[in-house]
Amino acid sequence: MCFLFLLSCQNKDEQQILAQQKDAKSRALVFNTISNGWHFAPPSLNPKTQSLIHNWKELNEFNNELYQIPKSSIGAFQKKSKDLSKKVLVLNGTIPAPFIKPEIKSRLAVLTTKINEINLFINIDAIPAQKVVALVNEVNVELGSLYRQMDEIVRKSEIPKEEGESDMIRMLDTTRAIPTTPKKP
């Protein structure tokens, strides 16, 4: 009887060791997959746009954080994704004046969502490594879209206005219209 008890305990210990080894292998595989796919590509900007966003401290900090690759463990990727989520949230409230437009705000909202998705998926127990890598690629696409939109805004601002165009735009502004109140008899 005692022999069976000892044999049963040994089997449980062996099973735990095998489960731990299997878990370590799967975590190593997840780490390697995410590490190989964690590459954010910096989009290029035209020089005039670069000069306008040069003083946008929060975007510079976000980009610096984005392009640093964690090297040690899954925990490092989890910490990085948490830091990225915090930094991307700040961007929408600190947009430079020439870029405070719905097009920029919507692209920042999408970028924030993608970064938060990475943070979500990398912090669950069974990390879907391929989903995280796909989201990294989607963040690259959204960053490119944001930067191209900033270039487009700068390009459009350089187009000279025709004579009288500013007056016409002002007249089309409905907030400046003369209020029509019914006359009392």
# chains A, B, ... in the order shown; residues from 1 in each chain; ligands from 1
call {"tool": "residues_around", "arguments": {"residues": "Lys87 (chain A)", "least_positions_apart": "3", "cutoff": "8 Å", "atoms": "only C-alpha atoms", "output": "PyMOL selection string"}}
result
chain A and resi 58+61-62+83-84+90-91
call {"tool": "atom_distance", "arguments": {"atom1": "CA of Arg107 (chain A)", "atom2": "CA of Leu146 (chain A)"}}
result
5.7 Å
call {"tool": "residues_around", "arguments": {"residues": "Gln149 (chain A)", "least_positions_apart": "4", "cutoff": "9 Å", "atoms": "only C-alpha atoms", "output": "NGL selection string"}}
result
:A and (103-104 or 107 or 144-145 or 153-154)
call {"tool": "closest_residue", "arguments": {"among": "A:Ser73, A:Asn60, A:Ser51, A:Ser44", "to": "Arg27 (chain A)", "atoms": "only C-alpha atoms"}}
result
A:Ser73
call {"tool": "closest_residue", "arguments": {"among": "A:Ser157, A:Ser85, A:Asn46, A:Asn55", "to": "Glu117 (chain A)", "atoms": "only C-alpha atoms"}}
result
A:Ser85
call {"tool": "atom_distance", "arguments": {"atom1": "CA of Asn116 (chain A)", "atom2": "CA of Phe99 (chain A)"}}
result
23.0 Å
call {"tool": "atom_distance", "arguments": {"atom1": "CA of Ala134 (chain A)", "atom2": "CA of Lys22 (chain A)"}}
result
25.1 Å
call {"tool": "residues_around", "arguments": {"residues": "region 118-129 of chain A", "least_positions_apart": "4", "cutoff": "12 Å", "atoms": "only C-alpha atoms", "output": "NGL selection string"}}
result
:A and (23 or 26-38 or 73-86 or 88 or 111-114 or 133-139)
call {"tool": "select_by_dssp", "arguments": {"residues": "chain A", "states": "alpha helix (DSSP H)", "output": "MDAnalysis selection string"}}
result
chainID A and resid 2:37 47:53 57:66 74:91 102:122 129:157 165:172
call {"tool": "write_last_selection", "arguments": {"atoms": "C-alpha atoms", "output": "short mmCIF file (atom, residue, chain, number, x, y, z; two decimals), in the first residue's frame"}}
result
data_model
loop_
_atom_site.label_atom_id
_atom_site.label_comp_id
_atom_site.auth_asym_id
_atom_site.auth_seq_id
_atom_site.Cartn_x
_atom_site.Cartn_y
_atom_site.Cartn_z
CA CYS A 2 2.76 2.41 0.95
CA PHE A 3 4.59 1.47 -2.24
CA LEU A 4 1.58 2.48 -4.37
CA PHE A 5 1.36 5.80 -2.55
CA LEU A 6 5.04 6.56 -3.23
CA LEU A 7 4.68 5.49 -6.86
CA SER A 8 1.61 7.73 -7.22
CA CYS A 9 3.50 10.71 -5.77
CA GLN A 10 6.41 10.14 -8.14
CA ASN A 11 4.05 10.05 -11.13
CA LYS A 12 2.49 13.36 -10.06
CA ASP A 13 5.94 14.94 -9.71
CA GLU A 14 6.98 13.67 -13.14
CA GLN A 15 3.74 14.95 -14.66
CA GLN A 16 4.29 18.38 -13.12
CA ILE A 17 7.86 18.49 -14.43
CA LEU A 18 6.70 17.48 -17.91
CA ALA A 19 3.93 20.11 -17.82
CA GLN A 20 6.41 22.78 -16.74
CA GLN A 21 8.82 21.81 -19.52
CA LYS A 22 6.00 21.90 -22.07
CA ASP A 23 4.90 25.33 -20.78
CA ALA A 24 8.48 26.64 -20.95
CA LYS A 25 8.82 25.43 -24.55
CA SER A 26 5.54 27.06 -25.59
CA ARG A 27 6.50 30.35 -23.89
CA ALA A 28 9.88 30.25 -25.66
CA LEU A 29 8.13 29.67 -28.98
CA VAL A 30 5.73 32.57 -28.30
CA PHE A 31 8.66 34.80 -27.28
CA ASN A 32 10.60 33.94 -30.46
CA THR A 33 7.57 34.54 -32.68
CA ILE A 34 6.79 37.92 -31.11
CA SER A 35 10.47 38.90 -31.00
CA ASN A 36 10.88 38.15 -34.71
CA GLY A 37 7.69 40.04 -35.63
CA PRO A 47 10.95 67.93 -44.61
CA LYS A 48 8.26 70.58 -44.06
CA THR A 49 6.08 68.14 -42.14
CA GLN A 50 9.09 67.03 -40.11
CA SER A 51 9.78 70.63 -39.14
CA LEU A 52 6.15 71.06 -38.00
CA ILE A 53 6.11 67.95 -35.83
CA LYS A 57 7.37 66.00 -27.81
CA GLU A 58 4.74 63.33 -27.15
CA LEU A 59 4.96 61.94 -30.70
CA ASN A 60 8.75 61.84 -30.47
CA GLU A 61 8.55 59.97 -27.15
CA PHE A 62 6.00 57.56 -28.61
CA ASN A 63 8.21 56.90 -31.64
CA ASN A 64 11.29 56.36 -29.45
CA GLU A 65 9.35 53.89 -27.33
CA LEU A 66 7.92 52.20 -30.41
CA ILE A 74 7.63 38.03 -22.59
CA GLY A 75 7.42 40.22 -19.48
CA ALA A 76 9.54 42.82 -21.27
CA PHE A 77 7.10 42.80 -24.20
CA GLN A 78 4.20 43.13 -21.77
CA LYS A 79 5.84 46.13 -20.10
CA LYS A 80 6.62 47.67 -23.50
CA SER A 81 3.04 47.28 -24.70
CA LYS A 82 1.74 48.88 -21.48
CA ASP A 83 4.12 51.82 -21.94
CA LEU A 84 3.08 52.20 -25.59
CA SER A 85 -0.60 52.25 -24.56
CA LYS A 86 0.07 55.05 -22.10
CA LYS A 87 2.08 57.11 -24.59
CA VAL A 88 -0.36 56.76 -27.47
CA LEU A 89 -3.24 57.99 -25.29
CA VAL A 90 -1.42 61.27 -24.71
CA LEU A 91 -1.02 61.98 -28.44
CA PRO A 102 -10.75 65.25 -37.87
CA GLU A 103 -8.56 63.30 -40.31
CA ILE A 104 -5.65 63.27 -37.86
CA LYS A 105 -7.81 62.61 -34.81
CA SER A 106 -9.50 59.63 -36.45
CA ARG A 107 -6.17 58.13 -37.49
CA LEU A 108 -4.83 58.61 -33.98
CA ALA A 109 -7.93 56.88 -32.61
CA VAL A 110 -7.34 53.88 -34.86
CA LEU A 111 -3.65 53.80 -33.90
CA THR A 112 -4.63 53.92 -30.22
CA THR A 113 -7.01 51.02 -30.72
CA LYS A 114 -4.34 48.89 -32.43
CA ILE A 115 -1.76 49.59 -29.71
CA ASN A 116 -4.34 48.76 -27.02
CA GLU A 117 -5.15 45.51 -28.85
CA ILE A 118 -1.47 44.55 -28.74
CA ASN A 119 -1.48 45.34 -25.02
CA LEU A 120 -4.58 43.22 -24.52
CA PHE A 121 -3.40 40.16 -26.45
CA ILE A 122 0.12 40.17 -25.04
CA ALA A 129 1.66 35.26 -30.99
CA GLN A 130 0.52 35.38 -34.62
CA LYS A 131 -2.25 37.83 -33.72
CA VAL A 132 0.26 40.09 -31.95
CA VAL A 133 2.59 40.01 -34.97
CA ALA A 134 -0.36 40.80 -37.27
CA LEU A 135 -1.28 43.75 -35.04
CA VAL A 136 2.30 45.04 -35.20
CA ASN A 137 1.96 45.08 -38.99
CA GLU A 138 -1.40 46.85 -38.70
CA VAL A 139 0.19 49.50 -36.46
CA ASN A 140 2.80 50.05 -39.19
CA VAL A 141 0.00 50.58 -41.71
CA GLU A 142 -1.82 53.02 -39.41
CA LEU A 143 1.38 54.96 -38.69
CA GLY A 144 1.96 55.26 -42.42
CA SER A 145 -1.60 56.48 -42.88
CA LEU A 146 -1.18 59.08 -40.12
CA TYR A 147 2.09 60.37 -41.55
CA ARG A 148 0.75 60.51 -45.12
CA GLN A 149 -2.25 62.50 -43.88
CA MET A 150 0.06 64.97 -42.14
CA ASP A 151 2.04 65.32 -45.38
CA GLU A 152 -1.22 65.90 -47.26
CA ILE A 153 -2.30 68.64 -44.83
CA VAL A 154 1.04 70.40 -45.25
CA ARG A 155 0.84 70.06 -49.04
CA LYS A 156 -2.69 71.51 -49.13
CA SER A 157 -1.71 74.41 -46.88
CA GLU A 165 -11.59 82.67 -51.81
CA SER A 166 -11.17 83.43 -48.11
CA ASP A 167 -14.22 85.77 -48.21
CA MET A 168 -16.26 83.05 -49.90
CA ILE A 169 -15.24 80.46 -47.32
CA ARG A 170 -16.18 82.87 -44.54
CA MET A 171 -19.59 83.43 -46.14
CA LEU A 172 -20.22 79.68 -46.28
#
